[in-house]
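Right, one structure below, let's go through it.
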Amino acid sequence: SGLFAGFPDLSFDIVSVASTGEDSVSAQWVMKGTNSGDFAGGPPTGGSITLPGADFITIEDGKMKTVQGYFDQRTLVEQLGLQVIVQPYQMGPVQWGSAVRMNLGNPAKPGAISLTWIAPRSEEEGNKIRDFTQKIIQD
């Protein structure tokens with residue numbers, strides 16, 4: 001899972017490297033890849049990414065001890081044609097969530113709107129529900 005599963009051709013072009021202390025190095029890079037594998041719980045989009053980032057590396061006994069990497073995750077998902085929606089889980093008595101609409105090409109406004117609420121009993125059941133609904137939408 002993760003970036004390499006979602007982007008099997010993921011590559012990094014090094015822009016610059018600098019010593020930031022006796023046992024630390026920073027590296028600026030550009031990450032590139034094509035989303036041809038499952039990523040973040042969704043199917044491949046086929047979209048490509050190109051975005052900058054940086055790693056901060058600590059060295060101990062001549063070996064890498066830690067690597068902290070940073071890149072703009074919002075830019076990554078937007079380059080794939082996905083939305084980033086920032087909203088609270090709850091504000092006062094209101095709980096927030098998201099909804100989807102399937103466009104079947106009919107320009108008429110809906111005469112009624114319905115809501116289905118499914119509350120999974122476990123994370124495993126939630127994953128099964130998500131996978132099942134994704135298959136319905138794709139069909």
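Each chain in the structure tokens gets a letter, A, B and so on, in the order shown; residues start at 1 in every chain, and ligands are counted from 1 in the order they appear.
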Shell around Val17 in chain A at 10 Å using only C-alpha atoms, local window under 5 positions removed, as a count of residues only: 8
Hey, what does DSSP flag as helix (DSSP H, G or I) within range 29-112 of chain A? Can you give it to me as a list in words? Gln73, Arg74, Thr75, Leu76, Val77, Glu78 and Gln79 of chain A
With N, CA and C atoms kept, could you save the residues just selected as an mmCIF file, in the first residue's frame?
data_model
loop_
_atom_site.group_PDB
_atom_site.id
_atom_site.type_symbol
_atom_site.label_atom_id
_atom_site.label_comp_id
_atom_site.auth_asym_id
_atom_site.auth_seq_id
_atom_site.Cartn_x
_atom_site.Cartn_y
_atom_site.Cartn_z
ATOM 1 N N GLN A 73 0.200 17.385 0.080
ATOM 2 C CA GLN A 73 -0.742 16.306 -0.209
ATOM 3 C C GLN A 73 -1.967 16.812 -0.970
ATOM 4 N N ARG A 74 -2.370 18.036 -0.705
ATOM 5 C CA ARG A 74 -3.526 18.597 -1.417
ATOM 6 C C ARG A 74 -3.231 18.700 -2.913
ATOM 7 N N THR A 75 -2.043 19.190 -3.252
ATOM 8 C CA THR A 75 -1.661 19.291 -4.658
ATOM 9 C C THR A 75 -1.646 17.916 -5.306
ATOM 10 N N LEU A 76 -1.158 16.905 -4.587
ATOM 11 C CA LEU A 76 -1.116 15.551 -5.124
ATOM 12 C C LEU A 76 -2.520 15.089 -5.514
ATOM 13 N N VAL A 77 -3.484 15.175 -4.605
ATOM 14 C CA VAL A 77 -4.825 14.670 -4.928
ATOM 15 C C VAL A 77 -5.522 15.541 -5.970
ATOM 16 N N GLU A 78 -5.280 16.846 -5.958
ATOM 17 C CA GLU A 78 -5.893 17.706 -6.975
ATOM 18 C C GLU A 78 -5.336 17.404 -8.366
ATOM 19 N N GLN A 79 -4.048 17.057 -8.463
ATOM 20 C CA GLN A 79 -3.483 16.698 -9.765
ATOM 21 C C GLN A 79 -4.086 15.401 -10.295
#
With 9 Å as the cut-off and only C-alpha atoms counted, what is the closest atom pair between each nearby residue of range 35-95 of chain A and range 114-136 of chain A? Distances in Å to one decimal, ordered by chain and number, as JSON lines.
{"residue": "A:Gly41", "atom": "CA", "partner": "A:Asp131", "partner_atom": "CA", "distance": 8.9}
{"residue": "A:Gly42", "atom": "CA", "partner": "A:Gln134", "partner_atom": "CA", "distance": 8.5}
{"residue": "A:Pro43", "atom": "CA", "partner": "A:Gln134", "partner_atom": "CA", "distance": 8.9}
Quick one: write out the picked residues with C-alpha atoms as an mmCIF file, in the first residue's frame?
data_model
loop_
_atom_site.group_PDB
_atom_site.id
_atom_site.type_symbol
_atom_site.label_atom_id
_atom_site.label_comp_id
_atom_site.auth_asym_id
_atom_site.auth_seq_id
_atom_site.Cartn_x
_atom_site.Cartn_y
_atom_site.Cartn_z
ATOM 1 C CA GLY A 41 -8.724 3.523 -0.817
ATOM 2 C CA GLY A 42 -9.692 4.356 -4.393
ATOM 3 C CA PRO A 43 -9.138 2.808 -7.801
#
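Coordinates place CA of Val30 in chain A at a distance of 8.2 Å from CA of Ser11 in chain A.
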Ranking A:Phe12, A:Phe4, A:Trp96, A:Phe39 by minimum distance to Leu82 in chain A and counting only C-alpha atoms, which one comes first? A:Phe39
What is the CA of Glu60 in chain A to CA of Ser24 in chain A distance in Å? 9.0 Å
Using the chain letters and numbers from this document, which residues of chain A does DSSP assign to strand (DSSP E), as an MDAnalysis selection string? chainID A and resid 11:21 24:34 48:60 63:71 90:91 94:95
Atoms to include: N, CA and C atoms. Write the selected residues as a short mmCIF file (atom, residue, chain, number, x, y, z; two decimals), in the first residue's frame.
data_model
loop_
_atom_site.label_atom_id
_atom_site.label_comp_id
_atom_site.auth_asym_id
_atom_site.auth_seq_id
_atom_site.Cartn_x
_atom_site.Cartn_y
_atom_site.Cartn_z
N SER A 11 9.04 8.29 -9.21
CA SER A 11 10.46 8.66 -9.28
C SER A 11 10.67 10.01 -8.62
N PHE A 12 11.91 10.25 -8.23
CA PHE A 12 12.27 11.50 -7.56
C PHE A 12 13.48 12.09 -8.28
N ASP A 13 13.35 13.33 -8.73
CA ASP A 13 14.47 14.06 -9.31
C ASP A 13 15.01 14.98 -8.22
N ILE A 14 16.28 14.83 -7.88
CA ILE A 14 16.91 15.64 -6.84
C ILE A 14 17.19 17.03 -7.40
N VAL A 15 16.71 18.06 -6.70
CA VAL A 15 16.92 19.45 -7.10
C VAL A 15 18.15 20.00 -6.39
N SER A 16 18.26 19.74 -5.09
CA SER A 16 19.42 20.21 -4.33
C SER A 16 19.59 19.37 -3.07
N VAL A 17 20.83 19.34 -2.59
CA VAL A 17 21.17 18.65 -1.34
C VAL A 17 22.07 19.59 -0.55
N ALA A 18 21.82 19.68 0.76
CA ALA A 18 22.64 20.56 1.59
C ALA A 18 22.83 19.94 2.97
N SER A 19 24.03 20.12 3.50
CA SER A 19 24.30 19.71 4.87
C SER A 19 23.63 20.71 5.80
N THR A 20 22.89 20.21 6.77
CA THR A 20 22.21 21.12 7.71
C THR A 20 22.77 20.97 9.12
N GLY A 21 23.86 20.27 9.24
CA GLY A 21 24.51 20.06 10.53
C GLY A 21 25.51 18.94 10.40
N SER A 24 23.27 15.78 9.75
CA SER A 24 21.97 15.95 9.08
C SER A 24 22.14 16.55 7.69
N VAL A 25 21.21 16.16 6.82
CA VAL A 25 21.23 16.58 5.42
C VAL A 25 19.79 16.89 5.01
N SER A 26 19.63 17.86 4.13
CA SER A 26 18.31 18.12 3.55
C SER A 26 18.41 17.92 2.04
N ALA A 27 17.31 17.46 1.47
CA ALA A 27 17.26 17.25 0.02
C ALA A 27 15.94 17.79 -0.51
N GLN A 28 16.03 18.61 -1.53
CA GLN A 28 14.83 19.11 -2.22
C GLN A 28 14.68 18.27 -3.48
N TRP A 29 13.44 17.85 -3.79
CA TRP A 29 13.21 16.96 -4.92
C TRP A 29 11.89 17.27 -5.60
N VAL A 30 11.70 16.66 -6.78
CA VAL A 30 10.43 16.71 -7.49
C VAL A 30 9.98 15.26 -7.67
N MET A 31 8.78 14.96 -7.19
CA MET A 31 8.21 13.62 -7.29
C MET A 31 7.33 13.54 -8.53
N LYS A 32 7.48 12.44 -9.30
CA LYS A 32 6.69 12.25 -10.52
C LYS A 32 6.17 10.82 -10.54
N GLY A 33 4.97 10.64 -11.09
CA GLY A 33 4.44 9.29 -11.22
C GLY A 33 3.06 9.30 -11.83
N THR A 34 2.60 8.11 -12.20
CA THR A 34 1.27 7.91 -12.78
C THR A 34 0.48 6.99 -11.86
N SER A 48 -1.45 11.78 -13.69
CA SER A 48 -0.03 11.93 -13.39
C SER A 48 0.18 13.04 -12.37
N ILE A 49 1.23 12.89 -11.59
CA ILE A 49 1.59 13.92 -10.62
C ILE A 49 3.01 14.41 -10.88
N THR A 50 3.23 15.67 -10.59
CA THR A 50 4.56 16.29 -10.59
C THR A 50 4.51 17.34 -9.50
N LEU A 51 5.19 17.08 -8.38
CA LEU A 51 5.15 18.07 -7.31
C LEU A 51 6.43 18.04 -6.49
N PRO A 52 6.80 19.21 -5.96
CA PRO A 52 8.03 19.31 -5.19
C PRO A 52 7.84 18.83 -3.75
N GLY A 53 8.97 18.51 -3.14
CA GLY A 53 8.96 18.12 -1.74
C GLY A 53 10.37 18.20 -1.19
N ALA A 54 10.51 17.81 0.08
CA ALA A 54 11.82 17.85 0.72
C ALA A 54 11.93 16.74 1.74
N ASP A 55 13.14 16.24 1.92
CA ASP A 55 13.45 15.25 2.95
C ASP A 55 14.51 15.83 3.87
N PHE A 56 14.39 15.50 5.15
CA PHE A 56 15.37 15.89 6.15
C PHE A 56 15.88 14.60 6.78
N ILE A 57 17.17 14.36 6.62
CA ILE A 57 17.78 13.07 6.95
C ILE A 57 18.78 13.25 8.09
N THR A 58 18.70 12.37 9.09
CA THR A 58 19.71 12.36 10.14
C THR A 58 20.58 11.12 9.97
N ILE A 59 21.86 11.29 10.26
CA ILE A 59 22.86 10.24 10.09
C ILE A 59 23.41 9.85 11.46
N GLU A 60 23.57 8.56 11.67
CA GLU A 60 24.19 8.08 12.91
C GLU A 60 25.11 6.90 12.56
N LYS A 63 25.23 5.86 8.91
CA LYS A 63 24.03 5.31 8.27
C LYS A 63 22.84 6.24 8.51
N MET A 64 21.88 6.16 7.59
CA MET A 64 20.67 6.95 7.78
C MET A 64 19.92 6.46 9.01
N LYS A 65 19.61 7.38 9.90
CA LYS A 65 18.85 7.04 11.11
C LYS A 65 17.37 7.35 10.91
N THR A 66 17.09 8.56 10.42
CA THR A 66 15.69 8.96 10.19
C THR A 66 15.58 9.74 8.89
N VAL A 67 14.40 9.66 8.30
CA VAL A 67 14.07 10.47 7.12
C VAL A 67 12.68 11.03 7.36
N GLN A 68 12.57 12.35 7.36
CA GLN A 68 11.27 13.00 7.43
C GLN A 68 11.03 13.68 6.10
N GLY A 69 9.95 13.27 5.41
CA GLY A 69 9.65 13.83 4.10
C GLY A 69 8.40 14.68 4.13
N TYR A 70 8.40 15.72 3.32
CA TYR A 70 7.26 16.63 3.25
C TYR A 70 6.92 16.93 1.79
N PHE A 71 5.63 16.91 1.48
CA PHE A 71 5.14 17.38 0.19
C PHE A 71 3.69 17.80 0.38
N GLN A 90 -17.69 17.58 13.61
CA GLN A 90 -18.89 18.02 14.30
C GLN A 90 -18.71 19.46 14.73
N MET A 91 -19.81 20.22 14.67
CA MET A 91 -19.82 21.60 15.14
C MET A 91 -21.14 21.80 15.86
N VAL A 94 -24.42 19.70 14.97
CA VAL A 94 -24.38 19.28 13.57
C VAL A 94 -23.16 18.39 13.32
N GLN A 95 -23.40 17.21 12.72
CA GLN A 95 -22.32 16.34 12.29
C GLN A 95 -22.17 16.48 10.78
#
Can you work out the spacing between CA of Gln83 in chain A and CA of Ser98 in chain A in Å, to one decimal? 11.5 Å
